[in-house]
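Shown next: my_file-v8.cif, containing mmCIF, C-alpha atoms.
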```cif
data_input
loop_
_atom_site.label_atom_id
_atom_site.label_comp_id
_atom_site.auth_asym_id
_atom_site.auth_seq_id
_atom_site.Cartn_x
_atom_site.Cartn_y
_atom_site.Cartn_z
CA MET Y 1113 81.72 45.68 158.25
CA THR Y 1114 79.48 48.07 160.16
CA VAL Y 1115 78.43 51.15 158.24
CA THR Y 1116 77.82 54.36 160.17
CA PRO Y 1117 74.55 56.00 159.07
CA PRO Y 1118 75.18 59.25 157.14
CA ALA Y 1119 73.44 61.50 159.68
CA GLU Y 1120 75.66 60.15 162.43
CA ARG Y 1121 78.74 60.65 160.26
CA VAL Y 1122 77.83 64.33 159.84
CA GLY Y 1123 77.62 64.67 163.62
CA GLN Y 1124 81.01 63.03 164.04
CA ALA Y 1125 82.58 65.23 161.37
CA PHE Y 1126 81.33 68.39 163.10
CA ALA Y 1127 82.41 67.06 166.50
CA ARG Y 1128 85.98 66.65 165.24
CA ARG Y 1129 86.15 70.46 164.95
CA GLU Y 1130 85.10 71.33 168.46
CA THR Y 1131 88.35 70.99 170.40
CA ALA Y 1132 90.48 72.94 167.92
CA GLY Y 1133 87.79 75.62 167.68
CA ARG Y 1134 87.65 76.01 171.44
CA MET Y 1135 91.43 75.95 171.90
CA LEU Y 1136 91.81 79.10 169.83
CA ALA Y 1137 90.70 80.94 172.96
CA GLU Y 1138 93.93 79.87 174.68
CA ASP Y 1139 95.94 81.68 172.03
CA SER Y 1140 94.15 84.96 172.61
CA GLU Y 1141 97.16 86.74 174.10
CA ARG Y 1142 99.40 85.69 171.21
CA VAL Y 1143 96.73 86.89 168.76
CA ALA Y 1144 96.48 90.25 170.54
CA LEU Y 1145 100.25 90.79 170.45
CA ALA Y 1146 100.41 89.96 166.73
CA CYS Y 1147 97.58 92.41 166.03
CA ARG Y 1148 99.29 95.17 167.95
CA ASP Y 1149 102.54 94.74 166.00
CA MET Y 1150 100.66 94.57 162.70
CA ALA Y 1151 98.72 97.72 163.59
CA ILE Y 1152 101.99 99.55 164.30
CA ARG Y 1153 103.20 98.68 160.79
CA PHE Y 1154 99.95 99.72 159.13
CA HIS Y 1155 99.90 102.92 161.20
CA ARG Y 1156 103.30 103.84 159.75
CA GLY Y 1157 102.13 103.17 156.18
CA GLY Y 1158 103.26 99.55 155.81
CA LYS Y 1159 101.42 97.01 153.68
CA LEU Y 1160 100.62 93.32 154.13
CA ILE Y 1161 102.06 90.63 151.87
CA ALA Y 1162 100.36 87.23 152.23
CA PHE Y 1163 101.10 83.83 150.70
CA GLY Y 1164 100.52 80.10 150.99
CA ASN Y 1165 100.36 76.92 148.90
CA GLY Y 1166 97.22 75.21 147.63
CA ALA Y 1167 94.27 75.80 149.93
CA ALA Y 1168 96.43 78.14 152.06
CA GLY Y 1169 96.91 80.27 148.93
CA THR Y 1170 93.15 80.84 148.86
CA ASP Y 1171 93.36 81.97 152.49
CA ALA Y 1172 96.13 84.42 151.56
CA ALA Y 1173 93.77 85.82 148.91
CA HIS Y 1174 90.94 86.00 151.46
CA ILE Y 1175 93.15 87.91 153.92
CA ALA Y 1176 94.19 90.40 151.23
CA VAL Y 1177 90.60 91.13 150.20
CA GLU Y 1178 89.56 91.36 153.86
CA PHE Y 1179 92.04 94.22 154.44
CA MET Y 1180 91.60 95.87 151.03
CA HIS Y 1181 87.81 95.84 151.00
CA PRO Y 1182 86.39 95.36 154.51
CA VAL Y 1183 82.97 93.71 154.77
CA ILE Y 1184 82.11 96.01 157.65
CA VAL Y 1185 81.04 99.37 156.28
CA GLY Y 1186 83.09 102.32 157.47
CA LYS Y 1187 86.29 100.40 158.19
CA ARG Y 1188 89.38 101.82 156.56
CA ALA Y 1189 90.87 99.94 153.62
CA LEU Y 1190 94.43 98.81 154.32
CA PRO Y 1191 97.01 97.87 151.68
CA ALA Y 1192 97.43 94.12 151.22
CA ILE Y 1193 98.40 91.75 148.41
CA ALA Y 1194 98.28 87.98 148.09
CA VAL Y 1195 101.37 87.21 146.05
CA SER Y 1196 100.39 83.55 145.61
CA ASN Y 1197 97.61 84.76 143.25
CA ASP Y 1198 100.07 85.63 140.52
CA ALA Y 1199 100.22 82.43 138.45
CA ALA Y 1200 102.61 83.96 135.91
CA ALA Y 1201 105.13 85.06 138.55
CA ILE Y 1202 104.85 81.78 140.48
CA THR Y 1203 105.37 79.54 137.48
CA GLY Y 1204 108.03 81.86 136.07
CA VAL Y 1205 110.14 81.88 139.23
CA ALA Y 1206 109.48 78.16 139.85
CA ARG Y 1207 110.78 77.27 136.40
CA GLN Y 1208 113.96 79.30 136.83
CA ASP Y 1209 114.82 79.03 140.53
CA GLY Y 1210 112.58 76.22 141.83
CA LEU Y 1211 109.28 76.34 143.69
CA CYS Y 1212 111.00 76.91 147.06
CA GLU Y 1213 112.07 80.39 145.96
CA VAL Y 1214 108.76 81.78 144.68
CA PHE Y 1215 107.60 83.67 147.78
CA ALA Y 1216 111.13 84.77 148.72
CA HIS Y 1217 111.43 86.34 145.27
CA GLN Y 1218 108.12 88.14 145.56
CA VAL Y 1219 108.87 89.41 149.09
CA ARG Y 1220 112.27 90.67 147.93
CA HIS Y 1221 110.73 92.64 145.10
CA TRP Y 1222 107.52 93.81 146.72
CA GLY Y 1223 108.52 94.22 150.33
CA ALA Y 1224 109.70 97.39 152.05
CA PRO Y 1225 111.24 97.27 155.55
CA GLY Y 1226 108.07 98.68 157.14
CA ASP Y 1227 105.81 95.97 155.70
CA ILE Y 1228 104.32 92.78 157.12
CA VAL Y 1229 104.68 89.29 155.64
CA LEU Y 1230 102.08 86.71 156.53
CA GLY Y 1231 102.83 83.11 155.54
CA ILE Y 1232 100.28 80.30 155.86
CA SER Y 1233 101.18 76.61 156.04
CA THR Y 1234 98.77 74.15 157.66
CA ASP Y 1235 101.61 71.85 158.83
CA GLY Y 1236 104.56 74.27 158.79
CA ARG Y 1237 106.44 72.09 156.33
CA CYS Y 1238 106.30 74.35 153.28
CA VAL Y 1239 109.85 75.40 152.41
CA ASP Y 1240 108.68 78.17 150.09
CA VAL Y 1241 106.57 79.71 152.89
CA LEU Y 1242 109.50 79.56 155.33
CA ARG Y 1243 111.85 81.06 152.71
CA GLY Y 1244 109.36 83.89 152.14
CA LEU Y 1245 109.25 84.61 155.88
CA GLN Y 1246 113.05 84.41 156.21
CA THR Y 1247 113.53 86.85 153.34
CA GLY Y 1248 111.04 89.21 154.94
CA HIS Y 1249 112.87 88.97 158.26
CA GLU Y 1250 116.24 89.69 156.62
CA LEU Y 1251 114.76 92.82 155.04
CA GLY Y 1252 113.30 94.05 158.36
CA LEU Y 1253 109.63 93.21 157.74
CA LEU Y 1254 107.36 91.99 160.54
CA THR Y 1255 106.81 88.27 160.05
CA VAL Y 1256 103.63 86.41 161.02
CA ALA Y 1257 102.86 82.73 160.38
CA LEU Y 1258 99.61 80.79 160.59
CA THR Y 1259 100.12 77.07 161.02
CA GLY Y 1260 98.71 73.92 162.61
CA GLY Y 1261 99.68 70.65 164.29
CA ASP Y 1262 103.22 70.88 165.67
CA GLY Y 1263 103.90 73.85 163.37
CA GLY Y 1264 106.73 72.04 161.58
CA MET Y 1265 109.67 74.37 160.92
CA LEU Y 1266 107.87 77.57 161.88
CA PRO Y 1267 107.82 77.77 165.73
CA THR Y 1268 111.60 77.25 165.99
CA SER Y 1269 112.53 79.62 163.18
CA PRO Y 1270 114.18 82.81 164.49
CA ALA Y 1271 112.84 84.55 161.38
CA VAL Y 1272 109.21 84.38 162.50
CA ASP Y 1273 108.04 87.05 164.95
CA HIS Y 1274 104.54 85.67 165.61
CA VAL Y 1275 103.41 82.07 165.15
CA LEU Y 1276 99.70 81.30 165.55
CA THR Y 1277 98.99 77.57 165.63
CA ALA Y 1278 95.65 75.80 165.17
CA GLN Y 1279 95.53 72.81 167.49
CA SER Y 1280 94.74 70.01 165.02
CA ASP Y 1281 96.53 67.66 162.64
CA ASP Y 1282 93.66 67.68 160.15
CA PRO Y 1283 94.45 70.25 157.42
CA ALA Y 1284 90.72 70.93 156.89
CA VAL Y 1285 90.19 71.74 160.58
CA VAL Y 1286 93.40 73.82 160.69
CA LYS Y 1287 92.10 75.86 157.76
CA GLU Y 1288 88.78 76.47 159.50
CA VAL Y 1289 90.53 77.74 162.65
CA HIS Y 1290 92.75 79.92 160.44
CA VAL Y 1291 89.68 81.61 158.97
CA THR Y 1292 88.56 82.61 162.48
CA MET Y 1293 92.14 83.66 163.32
CA TYR Y 1294 92.50 86.01 160.37
CA HIS Y 1295 89.05 87.47 160.83
CA ILE Y 1296 90.07 88.29 164.41
CA LEU Y 1297 93.47 89.62 163.23
CA TRP Y 1298 91.67 91.97 160.86
CA GLU Y 1299 89.18 93.13 163.48
CA LEU Y 1300 91.72 93.71 166.24
CA VAL Y 1301 94.17 95.47 163.93
CA HIS Y 1302 91.38 98.00 163.39
CA VAL Y 1303 90.71 98.26 167.13
CA PHE Y 1304 94.35 99.22 167.67
CA LEU Y 1305 94.51 101.49 164.61
CA GLU Y 1306 91.43 103.43 165.65
CA GLN Y 1307 93.06 104.10 169.01
CA PRO Y 1308 96.74 104.76 168.18
CA GLY Y 1309 97.32 105.54 171.85
CA LEU Y 1310 97.23 101.79 172.42
CA LEU Y 1311 100.13 101.16 170.10
CA GLY Y 1312 102.62 102.20 172.77
CA PRO Y 1313 105.05 105.05 173.28
CA GLU Y 1314 107.23 104.12 170.29
CA VAL Y 1315 104.40 105.08 167.92
CA ILE Y 1316 103.43 108.39 169.46
CA ARG Y 1317 106.33 110.55 168.52
CA MET C 1005 94.99 106.37 176.49
CA ALA C 1006 94.24 108.65 173.56
CA GLY C 1007 91.48 111.12 174.25
CA SER C 1008 90.22 111.51 170.69
CA ASP C 1009 86.53 111.05 169.91
CA PRO C 1010 85.75 107.39 169.30
CA PRO C 1011 84.17 106.36 165.99
CA GLU C 1012 80.46 105.69 166.29
CA GLY C 1013 79.67 102.39 167.93
CA MET C 1014 83.23 101.80 169.13
CA ARG C 1015 82.46 102.61 172.75
CA GLU C 1016 79.68 100.03 172.84
CA LEU C 1017 81.78 97.35 171.12
CA TYR C 1018 84.96 97.84 173.09
CA PRO C 1019 84.10 99.57 176.37
CA PHE C 1020 87.54 98.73 177.78
CA LEU C 1021 89.12 101.21 175.37
CA TYR C 1022 87.38 104.09 177.07
CA SER C 1023 87.76 103.10 180.67
CA GLY C 1024 90.73 105.39 181.20
CA GLU C 1025 92.97 102.35 181.64
CA SER C 1026 96.46 103.31 180.61
CA GLU C 1027 98.29 100.03 180.88
CA ILE C 1028 98.79 98.18 177.64
CA GLU C 1029 98.64 94.84 179.49
CA ALA C 1030 95.07 95.46 180.56
CA VAL C 1031 94.09 96.36 177.01
CA LEU C 1032 95.79 93.29 175.58
CA ALA C 1033 93.99 91.13 178.12
CA GLU C 1034 90.63 92.61 177.13
CA VAL C 1035 91.35 92.26 173.41
CA GLY C 1036 92.32 88.67 174.22
CA ARG C 1037 88.97 88.12 175.90
CA SER C 1038 87.27 89.26 172.70
CA THR C 1039 89.20 86.51 170.82
CA ALA C 1040 88.01 83.93 173.34
CA GLU C 1041 84.42 85.06 172.87
CA LYS C 1042 84.63 84.70 169.10
CA ALA C 1043 86.10 81.22 169.45
CA LYS C 1044 83.14 80.28 171.62
CA GLU C 1045 80.69 81.83 169.13
CA ILE C 1046 81.94 79.84 166.14
CA VAL C 1047 81.97 76.56 168.09
CA ALA C 1048 78.32 77.13 169.04
CA LEU C 1049 77.40 78.15 165.49
CA ARG C 1050 78.94 74.98 164.00
CA ARG C 1051 76.95 72.92 166.47
CA GLU C 1052 73.75 74.67 165.39
CA VAL C 1053 74.54 74.08 161.71
CA ALA C 1054 75.18 70.37 162.37
CA GLU C 1055 71.80 70.07 164.10
CA ARG C 1056 69.86 72.04 161.52
CA SER C 1057 71.48 70.82 158.30
CA GLY C 1058 73.02 67.45 159.21
CA ALA C 1059 70.47 65.29 157.40
CA LEU C 1060 70.43 67.57 154.35
CA LEU C 1061 74.25 67.52 154.18
CA ALA C 1062 74.27 63.72 154.17
CA GLU C 1063 71.69 63.68 151.36
CA CYS C 1064 73.62 66.29 149.38
CA GLY C 1065 76.89 64.32 149.72
CA GLU C 1066 75.14 61.26 148.28
CA ALA C 1067 73.68 63.27 145.40
CA MET C 1068 77.12 64.71 144.58
CA ALA C 1069 78.70 61.23 144.70
CA LYS C 1070 76.10 59.91 142.24
CA ARG C 1071 76.95 62.69 139.80
CA PHE C 1072 80.70 62.16 140.13
CA ALA C 1073 80.26 58.40 139.72
CA MET C 1074 78.53 59.04 136.38
CA GLY C 1075 81.37 61.28 135.19
CA GLY C 1076 79.96 64.60 136.42
CA ARG C 1077 82.18 67.56 137.21
CA LEU C 1078 82.01 70.27 139.87
CA PHE C 1079 81.97 74.00 139.09
CA THR C 1080 82.35 76.46 141.98
CA PHE C 1081 81.91 80.24 142.13
CA GLY C 1082 81.53 83.23 144.44
CA ASN C 1083 82.61 86.86 144.89
CA GLY C 1084 85.33 88.39 147.09
CA GLY C 1085 86.08 86.23 150.13
CA SER C 1086 83.58 83.68 148.80
CA SER C 1087 85.60 83.41 145.58
CA THR C 1088 88.56 82.24 147.67
CA ASP C 1089 86.27 79.65 149.29
CA ALA C 1090 85.10 78.57 145.84
CA GLN C 1091 88.76 78.06 144.91
CA GLU C 1092 89.34 76.01 148.01
CA VAL C 1093 86.31 73.81 147.36
CA ALA C 1094 87.61 73.05 143.85
CA GLU C 1095 91.07 72.35 145.23
CA ALA C 1096 89.71 70.10 148.00
CA PHE C 1097 87.79 67.96 145.52
CA SER C 1098 90.41 67.84 142.78
CA TYR C 1099 93.53 67.39 144.89
CA PRO C 1100 92.40 65.89 148.22
CA PRO C 1101 94.76 64.88 151.05
CA HIS C 1102 93.31 61.37 150.72
CA GLY C 1103 90.53 59.68 148.77
CA ARG C 1104 89.63 60.01 145.12
CA PRO C 1105 90.65 63.11 143.14
CA LEU C 1106 87.54 64.43 141.36
CA PRO C 1107 87.14 66.88 138.47
CA ALA C 1108 86.44 70.32 139.91
CA LEU C 1109 86.98 73.83 138.59
CA CYS C 1110 86.61 77.26 140.17
CA LEU C 1111 85.11 79.72 137.70
CA THR C 1112 86.80 82.79 139.20
CA ASN C 1113 90.27 81.53 138.25
CA ASP C 1114 89.94 82.62 134.63
CA VAL C 1115 90.60 86.36 134.78
CA ALA C 1116 90.47 86.72 130.99
CA VAL C 1117 86.94 85.29 130.72
CA LEU C 1118 85.75 87.15 133.85
CA THR C 1119 86.96 90.53 132.65
CA ALA C 1120 85.86 89.94 129.06
CA LEU C 1121 82.29 89.11 130.07
CA SER C 1122 82.16 91.91 132.65
CA ASN C 1123 83.48 94.45 130.18
CA ASP C 1124 81.38 93.39 127.18
CA VAL C 1125 78.14 92.23 128.83
CA SER C 1126 77.88 92.67 132.60
CA PHE C 1127 79.29 91.30 135.82
CA GLU C 1128 75.93 89.70 136.49
CA VAL C 1129 76.34 87.14 133.72
CA VAL C 1130 79.89 85.96 134.41
CA PHE C 1131 79.26 82.62 136.11
CA ALA C 1132 76.03 81.86 134.21
CA ARG C 1133 77.76 82.28 130.84
CA GLN C 1134 80.69 80.13 131.95
CA LEU C 1135 78.32 77.37 133.09
CA ALA C 1136 76.40 77.61 129.82
CA ALA C 1137 79.64 77.01 127.93
CA LEU C 1138 81.31 74.43 130.17
CA GLY C 1139 78.57 72.66 132.12
CA GLY C 1140 75.99 70.09 131.19
CA THR C 1141 73.43 67.69 132.59
CA GLY C 1142 75.20 65.46 135.08
CA ASP C 1143 77.47 68.22 136.39
CA ILE C 1144 77.30 70.04 139.72
CA ALA C 1145 77.17 73.81 140.34
CA LEU C 1146 78.14 75.10 143.78
CA GLY C 1147 77.82 78.81 144.53
CA LEU C 1148 78.78 80.74 147.65
CA SER C 1149 77.29 84.05 148.75
CA THR C 1150 77.29 85.19 152.37
CA SER C 1151 74.29 87.48 151.73
CA GLY C 1152 72.53 85.02 149.43
CA GLY C 1153 71.88 87.95 147.13
CA SER C 1154 74.88 88.12 144.76
CA PRO C 1155 73.20 88.58 141.35
CA ASN C 1156 75.85 86.63 139.42
CA VAL C 1157 75.58 83.67 141.82
CA VAL C 1158 71.76 83.73 141.61
CA ARG C 1159 71.84 83.82 137.80
CA ALA C 1160 74.38 81.00 137.66
CA ILE C 1161 72.22 78.76 139.85
CA GLU C 1162 69.25 79.50 137.57
CA GLU C 1163 71.30 78.66 134.48
CA ALA C 1164 72.64 75.47 136.07
CA GLY C 1165 69.09 74.42 136.99
CA ARG C 1166 67.91 74.96 133.40
CA ARG C 1167 70.73 72.70 132.23
CA GLY C 1168 69.81 69.88 134.59
CA MET C 1169 72.86 70.30 136.80
CA LEU C 1170 72.76 69.49 140.50
CA THR C 1171 72.65 72.90 142.21
CA ILE C 1172 74.07 73.67 145.65
CA ALA C 1173 74.41 77.02 147.42
CA LEU C 1174 76.09 78.12 150.64
CA ALA C 1175 74.71 81.34 152.10
CA GLY C 1176 74.23 83.22 155.34
CA TYR C 1177 71.27 84.57 157.28
CA GLN C 1178 68.10 82.97 155.81
CA GLY C 1179 69.64 82.43 152.39
CA GLY C 1180 68.44 85.68 150.80
CA GLU C 1181 67.37 85.55 147.19
CA LEU C 1182 68.89 82.08 146.80
CA ALA C 1183 66.24 80.72 149.18
CA GLU C 1184 63.55 81.83 146.70
CA LEU C 1185 64.97 79.89 143.74
CA PRO C 1186 62.86 76.91 142.70
CA THR C 1187 65.84 75.54 140.73
CA LEU C 1188 68.07 75.26 143.79
CA ASP C 1189 68.42 71.65 144.99
CA TYR C 1190 70.37 72.21 148.22
CA LEU C 1191 70.72 75.39 150.25
CA PHE C 1192 72.87 75.59 153.36
CA ALA C 1193 72.16 78.89 155.08
CA ILE C 1194 74.27 79.73 158.12
CA PRO C 1195 72.13 81.37 160.82
CA SER C 1196 74.40 84.20 161.95
CA SER C 1197 74.41 87.96 161.56
CA SER C 1198 78.21 88.11 161.30
CA VAL C 1199 79.74 87.77 157.82
CA HIS C 1200 82.91 86.48 159.45
CA ARG C 1201 81.23 83.71 161.46
CA ILE C 1202 79.14 82.78 158.37
CA GLN C 1203 82.29 82.30 156.31
CA GLU C 1204 83.95 80.27 159.07
CA ALA C 1205 80.97 77.92 159.33
CA GLN C 1206 80.75 77.67 155.54
CA ALA C 1207 84.32 76.38 155.44
CA THR C 1208 83.24 73.56 157.76
CA VAL C 1209 80.16 72.87 155.64
CA TYR C 1210 82.15 72.39 152.43
CA HIS C 1211 84.83 70.34 154.14
CA VAL C 1212 82.18 68.03 155.62
CA LEU C 1213 80.45 67.90 152.23
CA TRP C 1214 83.71 66.77 150.63
CA GLU C 1215 84.13 64.09 153.28
CA LEU C 1216 80.55 62.83 152.85
CA THR C 1217 80.94 62.75 149.06
CA GLN C 1218 84.09 60.64 149.39
CA ASP C 1219 82.31 58.27 151.81
CA ALA C 1220 79.30 57.93 149.51
CA LEU C 1221 81.55 57.33 146.49
CA GLY C 1222 83.30 54.56 148.41
CA GLU C 1223 79.95 52.96 149.18
CA LEU C 1224 78.84 53.25 145.55
CA SER C 1225 81.94 51.42 144.33
CA ALA C 1226 81.54 48.77 147.07
CA GLN C 1227 77.95 48.19 145.94
CA GLU C 1228 79.09 47.89 142.33
CA ALA C 1229 81.76 45.39 143.29
CA THR C 1230 79.23 43.13 145.06
CA ALA C 1231 76.49 43.53 142.41
#
```

Go ahead and express the file in the form of structure tokens.
Amino acid sequence: MTVTPPAERVGQAFARRETAGRMLAEDSERVALACRDMAIRFHRGGKLIAFGNGAAGTDAAHIAVEFMHPVIVGKRALPAIAVSNDAAAITGVARQDGLCEVFAHQVRHWGAPGDIVLGISTDGRCVDVLRGLQTGHELGLLTVALTGGDGGMLPTSPAVDHVLTAQSDDPAVVKEVHVTMYHILWELVHVFLEQPGLLGPEVIR
Amino acid sequence: MAGSDPPEGMRELYPFLYSGESEIEAVLAEVGRSTAEKAKEIVALRREVAERSGALLAECGEAMAKRFAMGGRLFTFGNGGSSTDAQEVAEAFSYPPHGRPLPALCLTNDVAVLTALSNDVSFEVVFARQLAALGGTGDIALGLSTSGGSPNVVRAIEEAGRRGMLTIALAGYQGGELAELPTLDYLFAIPSSSVHRIQEAQATVYHVLWELTQDALGELSAQEATA
């Protein structure tokens, strides 16, 4: 058995990220359109509801704190909650109705029609995330999904308005691309919000 | 295009917004170009981190594996966005997609302890006090701070060092106050002036660290089997 020296292994591990990182650029138009629609919702007083399982749940929390308490001084705080943070609600609903219903329940009871739901699933095969997005869609919320690989159930779901996909099958790499994606989402939402003229004629009324 | 006065700095950052262009398509295209630029930036930054810190990462992965092999546990901590990264590090080690599940705990998960210590003592002591109660020689402390100056992260690393724990920190810029700590065993400072890019590169650093730890653990057990 040949053993790769550790230093070389580090190089290989970093190299495995390059393609997916670069391919994000190809999604730039999709990202811009999602930001514009999110900005319209925020402009009208909507809030963001984010969720995900496991590691994706930590990303939901990161997104919420990004909007609520911007790292860039002078940027407006925008209302956002990560519903996957609530261990009591999650385990309570899971015990009664099953894990698949947790996010749907929270969206139903926290969401208003003018809000945004953002579901994260690195492979798009999380039923609870899809159910959360579907419930949001039924109630009239804007629905955004971050996923990776082939996107699983998300790209074909009529309930999802914007699907942003990281081009990798490795959940760790998908997560890393997601971090860049949601940092850009946050930044561009503010670009649109600071210039409401860009939000289109339907907003200026 | 709205004619209101732009916030300070906006014109320099996004000149396309003030070009008098009225078509939304043109604006979307320009905003899209800004996405492409950021994608390029993070790819270049990761490459720089691999070059600068590659050897140190390999060494750190081996040191972590040795601790885990002896029954050590991992404690992670950070504030704000970094607290969510700390949670992910603990999750990655304890419930990995493949490889050996390892004992790891994120200190920010316990809201009761965090608020009790903050209310009764100060926010500065939260992680240090938790490590004093839960950690011991043989364990690993991993703190994240984009500025490198979070007082509670600094104090926790000091406490962990006093207790003989392996200490690791992920920071940005030149590592801030963390870079001054004699008790810190491994510091990975991401050379960027953007908090966002720092956090993105940090995610890669801890994922690679997890991978290297798993590899080193595999080698340790192979050596044991042949010994």

Starting from chain C, keep only residues with some atom at most 6 Å from an atom of chain Y, counting only C-alpha atoms, and report them as a count of residues only.
15

Which one is closest to Val1093 in chain C: C:Leu1174, C:Val1157, C:Ala1054, C:Leu1185? Count all atoms listed in the file.
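Checking each candidate against Val1093 in chain C, we get C:Leu1174 as the closest.
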
Which residues fall under the PyMOL selection byres ((chain Y and resi 1237) around 12) in this file, as number ranges by chain?
Y: 1164-1165, 1212, 1231-1236, 1238-1243, 1257-1267, 1269

Would you kindly return, as a list in words, each protein, DNA or RNA residue with an atom no farther than 9 Å from any atom of Val1219 in chain Y, considering all atoms listed in the file and excluding same-chain residues fewer than 6 positions away?
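Near Val1219 in chain Y, the qualifying residues are Ile1161, Val1195, Val1229, Gly1244, Leu1245, Thr1247 and Gly1248 of chain Y.
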
Take the residues from that selection and write them out as a PDB file, in the frame of the given file, keeping C-alpha atoms.
```
ATOM      1  CA  ILE Y1161     102.060  90.630 151.870  1.00  0.00           C
ATOM      2  CA  VAL Y1195     101.370  87.210 146.050  1.00  0.00           C
ATOM      3  CA  VAL Y1229     104.680  89.290 155.640  1.00  0.00           C
ATOM      4  CA  GLY Y1244     109.360  83.890 152.140  1.00  0.00           C
ATOM      5  CA  LEU Y1245     109.250  84.610 155.880  1.00  0.00           C
ATOM      6  CA  THR Y1247     113.530  86.850 153.340  1.00  0.00           C
ATOM      7  CA  GLY Y1248     111.040  89.210 154.940  1.00  0.00           C
TER       8      GLY Y1248
END
```

To verify the selection step, state as a ChimeraX atom specification which residues the PyMOL selection byres ((chain Y and resi 1273) around 6) yields on this input.
/Y:1255-1256,1272,1274

Would you export the selected residues with C-alpha atoms as a tab-separated table (two decimals), in the frame of the given file, please?
```tsv
chain	number	residue	atom	x	y	z
Y	1255	THR	CA	106.81	88.27	160.05
Y	1256	VAL	CA	103.63	86.41	161.02
Y	1272	VAL	CA	109.21	84.38	162.50
Y	1274	HIS	CA	104.54	85.67	165.61
```

Give me the residues within 12 Å of Arg1071 in chain C as a VMD selection string, counting only C-alpha atoms and dropping any in the same chain fewer than 3 places off.
chain C and resid 1064 to 1068 1074 to 1078 1106 to 1107 1140 to 1145 1168 to 1171 1217 1220 to 1221 1224

Could you write out the selected residues, including C-alpha atoms, as a PDB file, in the coordinates of the input?
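Written output follows (result.pdb):
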```pdb
ATOM      1  CA  CYS C1064      73.620  66.290 149.380  1.00  0.00           C
ATOM      2  CA  GLY C1065      76.890  64.320 149.720  1.00  0.00           C
ATOM      3  CA  GLU C1066      75.140  61.260 148.280  1.00  0.00           C
ATOM      4  CA  ALA C1067      73.680  63.270 145.400  1.00  0.00           C
ATOM      5  CA  MET C1068      77.120  64.710 144.580  1.00  0.00           C
ATOM      6  CA  MET C1074      78.530  59.040 136.380  1.00  0.00           C
ATOM      7  CA  GLY C1075      81.370  61.280 135.190  1.00  0.00           C
ATOM      8  CA  GLY C1076      79.960  64.600 136.420  1.00  0.00           C
ATOM      9  CA  ARG C1077      82.180  67.560 137.210  1.00  0.00           C
ATOM     10  CA  LEU C1078      82.010  70.270 139.870  1.00  0.00           C
ATOM     11  CA  LEU C1106      87.540  64.430 141.360  1.00  0.00           C
ATOM     12  CA  PRO C1107      87.140  66.880 138.470  1.00  0.00           C
ATOM     13  CA  GLY C1140      75.990  70.090 131.190  1.00  0.00           C
ATOM     14  CA  THR C1141      73.430  67.690 132.590  1.00  0.00           C
ATOM     15  CA  GLY C1142      75.200  65.460 135.080  1.00  0.00           C
ATOM     16  CA  ASP C1143      77.470  68.220 136.390  1.00  0.00           C
ATOM     17  CA  ILE C1144      77.300  70.040 139.720  1.00  0.00           C
ATOM     18  CA  ALA C1145      77.170  73.810 140.340  1.00  0.00           C
ATOM     19  CA  GLY C1168      69.810  69.880 134.590  1.00  0.00           C
ATOM     20  CA  MET C1169      72.860  70.300 136.800  1.00  0.00           C
ATOM     21  CA  LEU C1170      72.760  69.490 140.500  1.00  0.00           C
ATOM     22  CA  THR C1171      72.650  72.900 142.210  1.00  0.00           C
ATOM     23  CA  THR C1217      80.940  62.750 149.060  1.00  0.00           C
ATOM     24  CA  ALA C1220      79.300  57.930 149.510  1.00  0.00           C
ATOM     25  CA  LEU C1221      81.550  57.330 146.490  1.00  0.00           C
ATOM     26  CA  LEU C1224      78.840  53.250 145.550  1.00  0.00           C
TER      27      LEU C1224
END
```

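Note that the spacing between CA of Gly1179 in chain C and CA of Ala1132 in chain C amounts to 19.3 Å.
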
Would you work out the distance separating CA of Ser1098 in chain C from CA of Val1205 in chain Y, expressed in Å to one decimal?
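Distance between the two atoms: 24.5 Å.
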
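Atom pair CA of Trp1222 in chain Y / CA of Arg1153 in chain Y has a distance of 15.5 Å (rounded to one decimal).
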
Nearby residues (all atoms listed in the file) at most 8 Å from Leu1305 in chain Y, same-chain spacing under 3 positions excluded, as a ChimeraX atom specification
/Y:1151-1152,1154-1155,1301-1302,1308,1311

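Look at everything within 7 Å of (77.9, 81.9, 155.3) using all atoms listed in the file, and the residues you get are Ser1149, Thr1150, Leu1174, Ala1175, Gly1176, Ala1193, Ile1194, Val1199, Ile1202, Gln1203, Ala1205 and Gln1206 of chain C.
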